[in-house]
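**Student:** Please find structure20.cif (mmCIF, C-alpha atoms) on the next line:
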data_target
loop_
_atom_site.group_PDB
_atom_site.id
_atom_site.type_symbol
_atom_site.label_atom_id
_atom_site.label_comp_id
_atom_site.auth_asym_id
_atom_site.auth_seq_id
_atom_site.Cartn_x
_atom_site.Cartn_y
_atom_site.Cartn_z
ATOM 1 C CA MET C 20 -15.928 -4.452 8.335
ATOM 2 C CA PHE C 21 -12.447 -4.439 6.812
ATOM 3 C CA ILE C 22 -9.727 -4.807 9.412
ATOM 4 C CA ASN C 23 -5.960 -4.819 8.902
ATOM 5 C CA ASP C 24 -3.978 -5.067 12.125
ATOM 6 C CA LYS C 25 -0.431 -5.001 10.787
ATOM 7 C CA ILE C 26 -0.054 -2.403 8.072
ATOM 8 C CA ALA C 27 -0.581 1.318 8.585
ATOM 9 C CA ILE C 28 -2.583 3.056 5.868
ATOM 10 C CA LYS C 29 -0.734 6.209 4.755
ATOM 11 C CA ILE C 30 -3.136 9.087 4.226
ATOM 12 C CA ALA C 31 -2.479 12.628 3.012
ATOM 13 C CA VAL C 32 -5.048 15.346 3.741
ATOM 14 C CA CYS C 33 -4.679 18.539 1.692
ATOM 15 C CA ASP C 34 -6.684 21.720 2.265
ATOM 16 C CA ASP C 35 -5.644 25.372 2.309
ATOM 17 C CA LYS C 36 -8.154 26.246 5.048
ATOM 18 C CA ASN C 37 -6.753 25.286 8.449
ATOM 19 C CA ALA C 38 -10.148 24.670 10.047
ATOM 20 C CA ASP C 39 -11.222 22.303 7.252
ATOM 21 C CA LEU C 40 -7.822 20.604 7.242
ATOM 22 C CA GLU C 41 -7.950 19.876 10.961
ATOM 23 C CA SER C 42 -11.615 18.801 10.954
ATOM 24 C CA THR C 43 -11.089 16.433 8.002
ATOM 25 C CA ALA C 44 -8.057 14.868 9.668
ATOM 26 C CA ALA C 45 -9.933 14.508 12.958
ATOM 27 C CA LEU C 46 -12.867 12.801 11.274
ATOM 28 C CA CYS C 47 -10.516 10.457 9.419
ATOM 29 C CA ARG C 48 -8.902 9.477 12.710
ATOM 30 C CA GLN C 49 -12.310 8.850 14.252
ATOM 31 C CA VAL C 50 -13.433 6.682 11.323
ATOM 32 C CA LEU C 51 -10.231 4.632 11.239
ATOM 33 C CA ASP C 52 -10.109 4.220 15.032
ATOM 34 C CA ASN C 53 -13.677 2.929 14.950
ATOM 35 C CA SER C 54 -12.654 0.456 12.220
ATOM 36 C CA ASP C 55 -9.574 -0.785 14.121
ATOM 37 C CA MET C 56 -7.258 0.415 11.366
ATOM 38 C CA LEU C 57 -3.642 1.425 11.777
ATOM 39 C CA TYR C 58 -2.942 4.680 9.973
ATOM 40 C CA ASP C 59 -0.513 7.534 9.465
ATOM 41 C CA ILE C 60 -1.991 10.899 8.468
ATOM 42 C CA THR C 61 0.092 13.741 7.023
ATOM 43 C CA LEU C 62 -1.385 17.234 6.615
ATOM 44 C CA PHE C 63 -0.666 19.585 3.706
ATOM 45 C CA HIS C 64 -1.710 23.230 3.542
ATOM 46 C CA SER C 65 -1.428 23.534 -0.238
ATOM 47 C CA GLY C 66 -1.371 21.503 -3.411
ATOM 48 C CA SER C 67 2.235 22.546 -3.997
ATOM 49 C CA GLU C 68 3.255 21.075 -0.634
ATOM 50 C CA LEU C 69 1.619 17.757 -1.472
ATOM 51 C CA ILE C 70 3.098 17.598 -4.974
ATOM 52 C CA GLY C 71 6.535 18.396 -3.538
ATOM 53 C CA SER C 72 6.246 15.547 -1.049
ATOM 54 C CA VAL C 73 5.238 13.001 -3.681
ATOM 55 C CA SER C 74 7.900 14.195 -6.129
ATOM 56 C CA LYS C 75 10.551 13.617 -3.429
ATOM 57 C CA GLY C 76 9.548 9.968 -3.173
ATOM 58 C CA GLU C 77 6.941 9.958 -0.418
ATOM 59 C CA SER C 78 4.039 7.679 -1.211
ATOM 60 C CA TYR C 79 0.503 7.660 0.155
ATOM 61 C CA ASP C 80 -2.228 5.070 -0.083
ATOM 62 C CA ILE C 81 -5.088 7.585 0.057
ATOM 63 C CA ILE C 82 -5.256 11.333 -0.565
ATOM 64 C CA LEU C 83 -8.177 13.469 0.645
ATOM 65 C CA LEU C 84 -8.008 16.591 -1.455
ATOM 66 C CA ASP C 85 -9.977 19.829 -1.390
ATOM 67 C CA MET C 86 -11.119 20.867 -4.856
ATOM 68 C CA VAL C 87 -11.013 24.641 -4.347
ATOM 69 C CA MET C 88 -7.679 25.977 -3.090
ATOM 70 C CA GLU C 89 -5.522 29.041 -3.626
ATOM 71 C CA GLY C 90 -2.567 28.485 -5.937
ATOM 72 C CA LYS C 91 -2.813 24.979 -7.349
ATOM 73 C CA ASP C 92 -6.407 23.833 -7.031
ATOM 74 C CA GLY C 93 -7.526 20.283 -6.410
ATOM 75 C CA MET C 94 -7.597 19.226 -10.055
ATOM 76 C CA GLU C 95 -4.155 20.631 -10.829
ATOM 77 C CA THR C 96 -2.796 18.928 -7.753
ATOM 78 C CA ALA C 97 -4.498 15.629 -8.569
ATOM 79 C CA ARG C 98 -3.165 15.644 -12.140
ATOM 80 C CA ALA C 99 0.380 16.247 -10.923
ATOM 81 C CA VAL C 100 0.137 13.556 -8.238
ATOM 82 C CA ARG C 101 -1.444 11.088 -10.657
ATOM 83 C CA SER C 102 1.451 11.585 -13.093
ATOM 84 C CA LEU C 103 3.818 10.517 -10.304
ATOM 85 C CA ASP C 104 1.689 7.784 -8.746
ATOM 86 C CA GLU C 105 -0.838 5.802 -10.766
ATOM 87 C CA ASP C 106 -2.035 3.729 -7.812
ATOM 88 C CA VAL C 107 -2.882 6.262 -5.110
ATOM 89 C CA PHE C 108 -6.575 6.526 -4.231
ATOM 90 C CA ILE C 109 -7.895 10.091 -4.464
ATOM 91 C CA ILE C 110 -10.979 11.320 -2.603
ATOM 92 C CA PHE C 111 -12.141 14.853 -3.408
ATOM 93 C CA ALA C 112 -13.992 17.087 -0.959
ATOM 94 C CA SER C 113 -15.608 20.439 -1.638
ATOM 95 C CA ARG C 114 -18.603 22.633 -0.964
ATOM 96 C CA ASN C 115 -19.043 23.058 -4.721
ATOM 97 C CA LYS C 116 -20.973 19.982 -5.882
ATOM 98 C CA GLU C 117 -20.797 21.079 -9.523
ATOM 99 C CA LEU C 118 -17.102 20.161 -9.553
ATOM 100 C CA ALA C 119 -17.771 16.503 -8.772
ATOM 101 C CA ILE C 120 -17.850 15.359 -12.397
ATOM 102 C CA MET C 121 -14.287 16.594 -12.898
ATOM 103 C CA GLY C 122 -13.002 13.921 -10.538
ATOM 104 C CA TYR C 123 -13.406 11.237 -13.179
ATOM 105 C CA GLU C 124 -10.554 12.805 -15.135
ATOM 106 C CA VAL C 125 -8.043 11.663 -12.509
ATOM 107 C CA SER C 126 -9.881 8.456 -11.512
ATOM 108 C CA ALA C 127 -11.038 9.784 -8.158
ATOM 109 C CA VAL C 128 -12.665 7.166 -5.934
ATOM 110 C CA ARG C 129 -15.255 9.465 -4.387
ATOM 111 C CA TYR C 130 -16.429 13.071 -4.267
ATOM 112 C CA LEU C 131 -17.603 14.097 -0.804
ATOM 113 C CA ALA C 132 -19.535 17.250 -0.037
ATOM 114 C CA LYS C 133 -18.412 19.513 2.802
ATOM 115 C CA PRO C 134 -19.043 19.480 5.657
ATOM 116 C CA LEU C 135 -18.007 15.830 5.558
ATOM 117 C CA ASP C 136 -20.523 13.205 6.582
ATOM 118 C CA GLU C 137 -19.036 10.507 8.823
ATOM 119 C CA ILE C 138 -21.000 7.663 7.212
ATOM 120 C CA LYS C 139 -19.999 8.662 3.688
ATOM 121 C CA LEU C 140 -16.372 9.197 4.680
ATOM 122 C CA THR C 141 -16.325 5.807 6.386
ATOM 123 C CA GLU C 142 -17.621 4.122 3.235
ATOM 124 C CA ALA C 143 -15.081 5.951 1.068
ATOM 125 C CA LEU C 144 -12.075 5.193 3.266
ATOM 126 C CA LEU C 145 -12.916 1.541 3.849
ATOM 127 C CA THR C 146 -13.607 1.032 0.146
ATOM 128 C CA CYS C 147 -10.086 2.272 -0.557
ATOM 129 C CA CYS C 148 -8.603 0.110 2.197
ATOM 130 C CA SER C 149 -10.331 -3.029 0.962
ATOM 131 C CA ARG C 150 -8.995 -2.408 -2.547
ATOM 132 C CA ILE C 151 -5.480 -1.843 -1.261
ATOM 133 C CA PHE C 152 -5.492 -5.041 0.777
ATOM 134 C CA ASP C 153 -7.786 -7.230 -1.279
ATOM 135 C CA GLY C 154 -5.847 -10.403 -0.518
ATOM 136 C CA THR C 155 -4.402 -10.756 -4.009
ATOM 137 C CA ASN C 156 -2.280 -7.619 -4.423
ATOM 138 C CA ILE C 157 0.048 -5.506 -2.315
ATOM 139 C CA LEU C 158 1.536 -2.044 -2.785
ATOM 140 C CA VAL C 159 5.310 -2.043 -2.353
ATOM 141 C CA PRO C 160 7.204 1.257 -1.920
ATOM 142 C CA THR C 161 10.250 1.778 -4.136
ATOM 143 C CA ASP C 162 12.457 4.763 -4.941
ATOM 144 C CA GLN C 163 10.315 5.273 -8.054
ATOM 145 C CA GLY C 164 7.030 5.198 -6.144
ATOM 146 C CA LYS C 165 4.574 2.494 -5.116
ATOM 147 C CA TYR C 166 4.516 -0.735 -7.102
ATOM 148 C CA ARG C 167 1.322 -2.806 -7.120
ATOM 149 C CA ILE C 168 2.129 -6.509 -7.480
ATOM 150 C CA ALA C 169 0.125 -9.717 -7.385
ATOM 151 C CA LEU C 170 1.061 -12.041 -4.531
ATOM 152 C CA SER C 171 1.036 -14.959 -6.963
ATOM 153 C CA ASP C 172 3.853 -13.336 -8.977
ATOM 154 C CA ILE C 173 6.282 -13.221 -6.056
ATOM 155 C CA GLN C 174 8.832 -16.049 -6.145
ATOM 156 C CA PHE C 175 10.869 -14.932 -3.162
ATOM 157 C CA ILE C 176 11.983 -11.868 -1.217
ATOM 158 C CA GLU C 177 15.480 -11.381 0.172
ATOM 159 C CA ALA C 178 17.073 -8.856 2.498
ATOM 160 C CA SER C 179 19.251 -6.631 0.332
ATOM 161 C CA ASP C 180 21.077 -3.307 0.599
ATOM 162 C CA ARG C 181 19.215 -1.938 3.672
ATOM 163 C CA GLY C 182 15.924 -3.050 2.178
ATOM 164 C CA THR C 183 14.593 -6.013 0.249
ATOM 165 C CA ARG C 184 14.709 -7.369 -3.285
ATOM 166 C CA PHE C 185 11.473 -8.801 -4.685
ATOM 167 C CA THR C 186 11.996 -11.496 -7.309
ATOM 168 C CA LEU C 187 8.869 -11.945 -9.415
ATOM 169 C CA THR C 188 8.115 -14.319 -12.254
ATOM 170 C CA ASN C 189 9.297 -11.860 -14.912
ATOM 171 C CA GLU C 190 11.373 -9.250 -13.101
ATOM 172 C CA SER C 191 12.936 -8.153 -9.844
ATOM 173 C CA PHE C 192 13.149 -4.829 -8.035
ATOM 174 C CA HIS C 193 14.494 -3.265 -4.857
ATOM 175 C CA SER C 194 12.277 -1.854 -2.109
ATOM 176 C CA ARG C 195 13.155 0.163 0.969
ATOM 177 C CA LEU C 196 10.926 -2.157 3.016
ATOM 178 C CA LYS C 197 12.755 -4.201 5.628
ATOM 179 C CA LEU C 198 12.248 -7.964 5.489
ATOM 180 C CA ASN C 199 10.001 -8.026 8.573
ATOM 181 C CA GLU C 200 7.884 -5.230 7.050
ATOM 182 C CA ALA C 201 7.543 -7.195 3.808
ATOM 183 C CA GLU C 202 6.597 -10.316 5.772
ATOM 184 C CA ALA C 203 3.822 -8.374 7.553
ATOM 185 C CA MET C 204 2.223 -7.599 4.188
ATOM 186 C CA LEU C 205 2.010 -11.242 3.101
ATOM 187 C CA HIS C 206 -1.284 -12.459 4.551
ATOM 188 C CA HIS C 207 -1.174 -15.727 2.670
ATOM 189 C CA SER C 208 -0.327 -19.285 3.698
ATOM 190 C CA THR C 209 1.935 -19.888 0.701
ATOM 191 C CA PHE C 210 4.663 -17.575 2.070
ATOM 192 C CA ILE C 211 7.201 -18.753 4.614
ATOM 193 C CA LEU C 212 10.224 -17.151 6.249
ATOM 194 C CA CYS C 213 12.641 -19.949 5.368
ATOM 195 C CA HIS C 214 15.854 -18.145 6.343
ATOM 196 C CA ARG C 215 16.718 -15.024 8.321
ATOM 197 C CA ALA C 216 17.212 -13.220 4.995
ATOM 198 C CA TYR C 217 14.640 -14.933 2.748
ATOM 199 C CA ILE C 218 10.887 -15.351 2.338
ATOM 200 C CA VAL C 219 9.773 -17.872 -0.277
ATOM 201 C CA ASN C 220 6.453 -18.443 -2.020
ATOM 202 C CA LEU C 221 5.826 -22.191 -1.749
ATOM 203 C CA SER C 222 3.670 -22.140 -4.870
ATOM 204 C CA HIS C 223 6.856 -21.493 -6.888
ATOM 205 C CA VAL C 224 8.897 -24.275 -5.258
ATOM 206 C CA ARG C 225 9.686 -27.398 -7.281
ATOM 207 C CA HIS C 226 11.253 -29.355 -4.440
ATOM 208 C CA LEU C 227 13.110 -29.090 -1.131
ATOM 209 C CA ARG C 228 16.637 -30.335 -0.844
ATOM 210 C CA ARG C 229 18.673 -30.239 2.327
ATOM 211 C CA TYR C 230 18.961 -26.608 3.353
ATOM 212 C CA GLU C 231 17.634 -25.154 0.108
ATOM 213 C CA PHE C 232 14.488 -24.722 -1.960
ATOM 214 C CA ARG C 233 14.723 -25.321 -5.691
ATOM 215 C CA LEU C 234 12.221 -23.155 -7.527
ATOM 216 C CA LYS C 235 10.455 -23.948 -10.791
ATOM 217 C CA SER C 236 12.338 -21.064 -12.381
ATOM 218 C CA GLY C 237 15.678 -22.622 -11.475
ATOM 219 C CA GLU C 238 16.372 -20.150 -8.651
ATOM 220 C CA VAL C 239 17.760 -21.511 -5.376
ATOM 221 C CA VAL C 240 16.641 -20.133 -2.004
ATOM 222 C CA PRO C 241 18.506 -21.119 1.199
ATOM 223 C CA VAL C 242 16.707 -22.786 4.095
ATOM 224 C CA SER C 243 17.681 -22.223 7.725
ATOM 225 C CA LYS C 244 19.515 -25.214 9.207
ATOM 226 C CA GLY C 245 18.054 -24.576 12.639
ATOM 227 C CA ARG C 246 14.472 -24.542 11.318
ATOM 228 C CA TYR C 247 14.904 -27.133 8.583
ATOM 229 C CA ASN C 248 12.601 -29.782 10.074
ATOM 230 C CA ASP C 249 9.817 -27.276 10.759
ATOM 231 C CA ILE C 250 10.112 -25.789 7.271
ATOM 232 C CA ARG C 251 10.117 -29.250 5.694
ATOM 233 C CA SER C 252 6.924 -30.056 7.611
ATOM 234 C CA ARG C 253 5.298 -26.806 6.402
ATOM 235 C CA PHE C 254 6.276 -27.576 2.823
ATOM 236 C CA THR C 255 4.939 -31.137 3.076
ATOM 237 C CA ASP C 256 1.619 -29.889 4.500
ATOM 238 C CA TYR C 257 1.363 -27.385 1.654
ATOM 239 C CA LYS C 258 1.954 -30.045 -1.009
ATOM 240 C CA ILE C 259 -0.551 -32.532 0.427
#
What's the structure tokens form of this structure?
**Tutor:**
Amino acid sequence: MFINDKIAIKIAVCDDKNADLESTAALCRQVLDNSDMLYDITLFHSGSELIGSVSKGESYDIILLDMVMEGKDGMETARAVRSLDEDVFIIFASRNKELAIMGYEVSAVRYLAKPLDEIKLTEALLTCCSRIFDGTNILVPTDQGKYRIALSDIQFIEASDRGTRFTLTNESFHSRLKLNEAEAMLHHSTFILCHRAYIVNLSHVRHLRRYEFRLKSGEVVPVSKGRYNDIRSRFTDYKI
């Protein structure tokens, strides 16, 4: 069983039939509660509503999308969302099984027949969750959408402009995540909160001088004076 006890999975459920919308959301809650997952589910009554949300900067980890809807149908909606977010996981649902093959066009993870089967929905949702938090990559929200990055590429993260700045091996970018939210995503022993405003990846550190880390790239990251001895011990343990 995949369990993540710190990060809430953001799920969008889109269906133009209220009964199906509510039943799908209820079953998702049941599945995720049974799997000890934290989650946040947002309901959309049309494809246009969902597209509007994503175009305004909202990002979702998983979208459960009805194929047959009035106005913009599931495929139109999926194409529009995919053009704005390459990383979101899309799960289609419909009573029309003949439409399943179309899902490959937008890299859908699964096609589920209605009425939804709890076992199949569980497998689909947990497959998505395990891919999102596979231990080597994280999805970071930015003003331009979600950014999938490898943990090994992160040199350090600093509190910046009501959010955080991620400095990677070849680039840097700003995220609206707070530093404590970024820290919660880093389930890896190489990361350490070395200062109230900095998290450093020890695998990128060349050496520790008094009150600062010198990175292999030449960057300098400050080290808390009050926690210096503890941080030095952590760094020494990592190097041994």
**Student:** Would you pick out the contacts of Phe63 of chain C at 9 Å or less, using all atoms listed in the file, so that residues sharing its chain but fewer than 4 positions from it are not included, and give the list as number ranges by chain?
**Tutor:** C: 31-35, 40, 67-69
**Student:** Please expand the PyMOL selection byres ((chain C and resi 209) around 12) into the concrete residues it hits in this file, giving the result as a list of chain:residue names.
**Tutor:** C:Leu170, C:Ser171, C:Asp172, C:Ile173, C:Gln174, C:Phe175, C:Glu202, C:Leu205, C:His206, C:His207, C:Ser208, C:Phe210, C:Ile211, C:Leu212, C:Cys213, C:Ile218, C:Val219, C:Asn220, C:Leu221, C:Ser222, C:His223, C:Val224, C:Arg253, C:Phe254, C:Thr255, C:Asp256, C:Tyr257, C:Lys258
**Student:** Pick the closest to Val87 of chain C from C:Val73, C:Ala201, C:Ala112, C:Val239: which is it, counting all atoms listed in the file?
**Tutor:**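 That would be C:Ala112, the residue with the smallest distance to Val87 of chain C.
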**Student:** Go through C:Thr96, C:Thr161, C:Ser126, C:Gln49 one by one, measure the shortest atom-to-atom distance of each to Lys75 of chain C using all atoms listed in the file, and give the residue with the smallest value.
**Tutor:**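 When distances to Lys75 of chain C are compared using all atoms listed in the file, the smallest one comes from C:Thr161.
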**Student:** Quick one, how far is atom CA of Phe111 of chain C from atom CA of Leu83 of chain C?
**Tutor:** 5.8 Å
**Student:** Would you mind telling me which residue in C:Lys36, C:Ser179, C:Val242, C:Lys133 lies nearest to Met88 of chain C when using only C-alpha atoms?
**Tutor:** C:Lys36
**Student:** When you look at Thr183 of chain C with a cut-off of 12 Å (counting only C-alpha atoms), what residues show up, excluding the ones that are within fewer than 4 positions of it in the same chain? I need them as a JSON list (two decimals) with C-alpha atoms, in the frame of the given file.
**Tutor:**
[["chain", "number", "residue", "atom", "x", "y", "z"],
["C", 159, "VAL", "CA", 5.31, -2.04, -2.35],
["C", 160, "PRO", "CA", 7.20, 1.26, -1.92],
["C", 161, "THR", "CA", 10.25, 1.78, -4.14],
["C", 175, "PHE", "CA", 10.87, -14.93, -3.16],
["C", 176, "ILE", "CA", 11.98, -11.87, -1.22],
["C", 177, "GLU", "CA", 15.48, -11.38, 0.17],
["C", 178, "ALA", "CA", 17.07, -8.86, 2.50],
["C", 179, "SER", "CA", 19.25, -6.63, 0.33],
["C", 191, "SER", "CA", 12.94, -8.15, -9.84],
["C", 192, "PHE", "CA", 13.15, -4.83, -8.04],
["C", 193, "HIS", "CA", 14.49, -3.26, -4.86],
["C", 194, "SER", "CA", 12.28, -1.85, -2.11],
["C", 195, "ARG", "CA", 13.16, 0.16, 0.97],
["C", 196, "LEU", "CA", 10.93, -2.16, 3.02],
["C", 197, "LYS", "CA", 12.76, -4.20, 5.63],
["C", 198, "LEU", "CA", 12.25, -7.96, 5.49],
["C", 199, "ASN", "CA", 10.00, -8.03, 8.57],
["C", 200, "GLU", "CA", 7.88, -5.23, 7.05],
["C", 201, "ALA", "CA", 7.54, -7.20, 3.81],
["C", 202, "GLU", "CA", 6.60, -10.32, 5.77],
["C", 216, "ALA", "CA", 17.21, -13.22, 5.00],
["C", 217, "TYR", "CA", 14.64, -14.93, 2.75],
["C", 218, "ILE", "CA", 10.89, -15.35, 2.34]]
**Student:** Once the PyMOL selection byres ((chain C and resi 42-44) around 8) has been evaluated on this model, what residues remain selected, and can you format them as a count of residues only?
**Tutor:** 12
**Student:** Find the residues of segment 162-239 of chain C that sit at most 12 Å from segment 99-110 of chain C; for each, write down the nearest two atoms and how far apart they are in Å, to one decimal. Count all atoms listed in the file. Sort by chain, then by number going up, and give it as a Markdown table.
**Tutor:**
| residue | atom | partner | partner_atom | distance |
| --- | --- | --- | --- | --- |
| C:Asp162 | CA | C:Leu103 | CA | 11.7 |
| C:Gln163 | CA | C:Leu103 | CA | 8.6 |
| C:Gly164 | CA | C:Asp104 | CA | 6.5 |
| C:Lys165 | CA | C:Asp104 | CA | 7.0 |
| C:Tyr166 | CA | C:Asp106 | CA | 8.0 |
| C:Arg167 | CA | C:Asp106 | CA | 7.4 |
| C:Ile168 | CA | C:Asp106 | CA | 11.1 |
**Student:** How would the residues just chosen look if you wrote them out with C-alpha atoms as a PDB file, in the coordinates of the input?
**Tutor:**
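The resulting out-v3.pdb:
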ATOM      1  CA  ASP C 162      12.457   4.763  -4.941  1.00  0.00           C
ATOM      2  CA  GLN C 163      10.315   5.273  -8.054  1.00  0.00           C
ATOM      3  CA  GLY C 164       7.030   5.198  -6.144  1.00  0.00           C
ATOM      4  CA  LYS C 165       4.574   2.494  -5.116  1.00  0.00           C
ATOM      5  CA  TYR C 166       4.516  -0.735  -7.102  1.00  0.00           C
ATOM      6  CA  ARG C 167       1.322  -2.806  -7.120  1.00  0.00           C
ATOM      7  CA  ILE C 168       2.129  -6.509  -7.480  1.00  0.00           C
TER       8      ILE C 168
END
**Student:** Grab the atom CA of Arg233 of chain C to atom CA of Leu158 of chain C distance for me, in Å with one decimal place.
**Tutor:** 26.9 Å
**Student:** Just give me the gap between atom CA of Ser78 of chain C and atom CA of Ser65 of chain C in Å, one decimal is fine.
**Tutor:**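 Value for the atom CA of Ser78 of chain C-atom CA of Ser65 of chain C distance: 16.8 Å.
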**Student:** Tell me which of C:Asp85, C:Asp136, C:Asp249, C:Asp55 sits closest to Asn37 of chain C, counting all atoms listed in the file.
**Tutor:** C:Asp85
**Student:** Could the centre and edge lengths of an axis-aligned box, enclosing all atoms of segment 198-209 of chain C in the file with 6 Å extra on each side, be given in Å to one decimal as JSON?
**Tutor:**
{"center_x": 5.5, "center_y": -12.6, "center_z": 4.6, "size_x": 25.5, "size_y": 26.7, "size_z": 19.9}
**Student:** What's the 6 Å shell around Glu231 of chain C, counting only C-alpha atoms, without same-chain residues fewer than 2 positions away, as a ChimeraX atom specification?
**Tutor:** /C:228-229,240-242
**Student:** Restricting the output to C-alpha atoms, write the selected residues as a short mmCIF file (atom, residue, chain, number, x, y, z; two decimals), in the frame of the given file.
**Tutor:**
data_model
loop_
_atom_site.label_atom_id
_atom_site.label_comp_id
_atom_site.auth_asym_id
_atom_site.auth_seq_id
_atom_site.Cartn_x
_atom_site.Cartn_y
_atom_site.Cartn_z
CA ARG C 228 16.64 -30.34 -0.84
CA ARG C 229 18.67 -30.24 2.33
CA VAL C 240 16.64 -20.13 -2.00
CA PRO C 241 18.51 -21.12 1.20
CA VAL C 242 16.71 -22.79 4.10
#
**Student:** Quick check on the file I pasted: which residues fall under the PyMOL selection byres ((chain C and resi 131) around 12)? Write them as an MDAnalysis selection string.
**Tutor:** chainID C and resid 43 83:86 109:120 122 127:130 132:144
**Student:** Find, counting all atoms listed in the file, the residue in C:Leu234, C:Leu187, C:Ile81, C:Val50 that gets nearest to Cys148 of chain C.
**Tutor:** C:Ile81
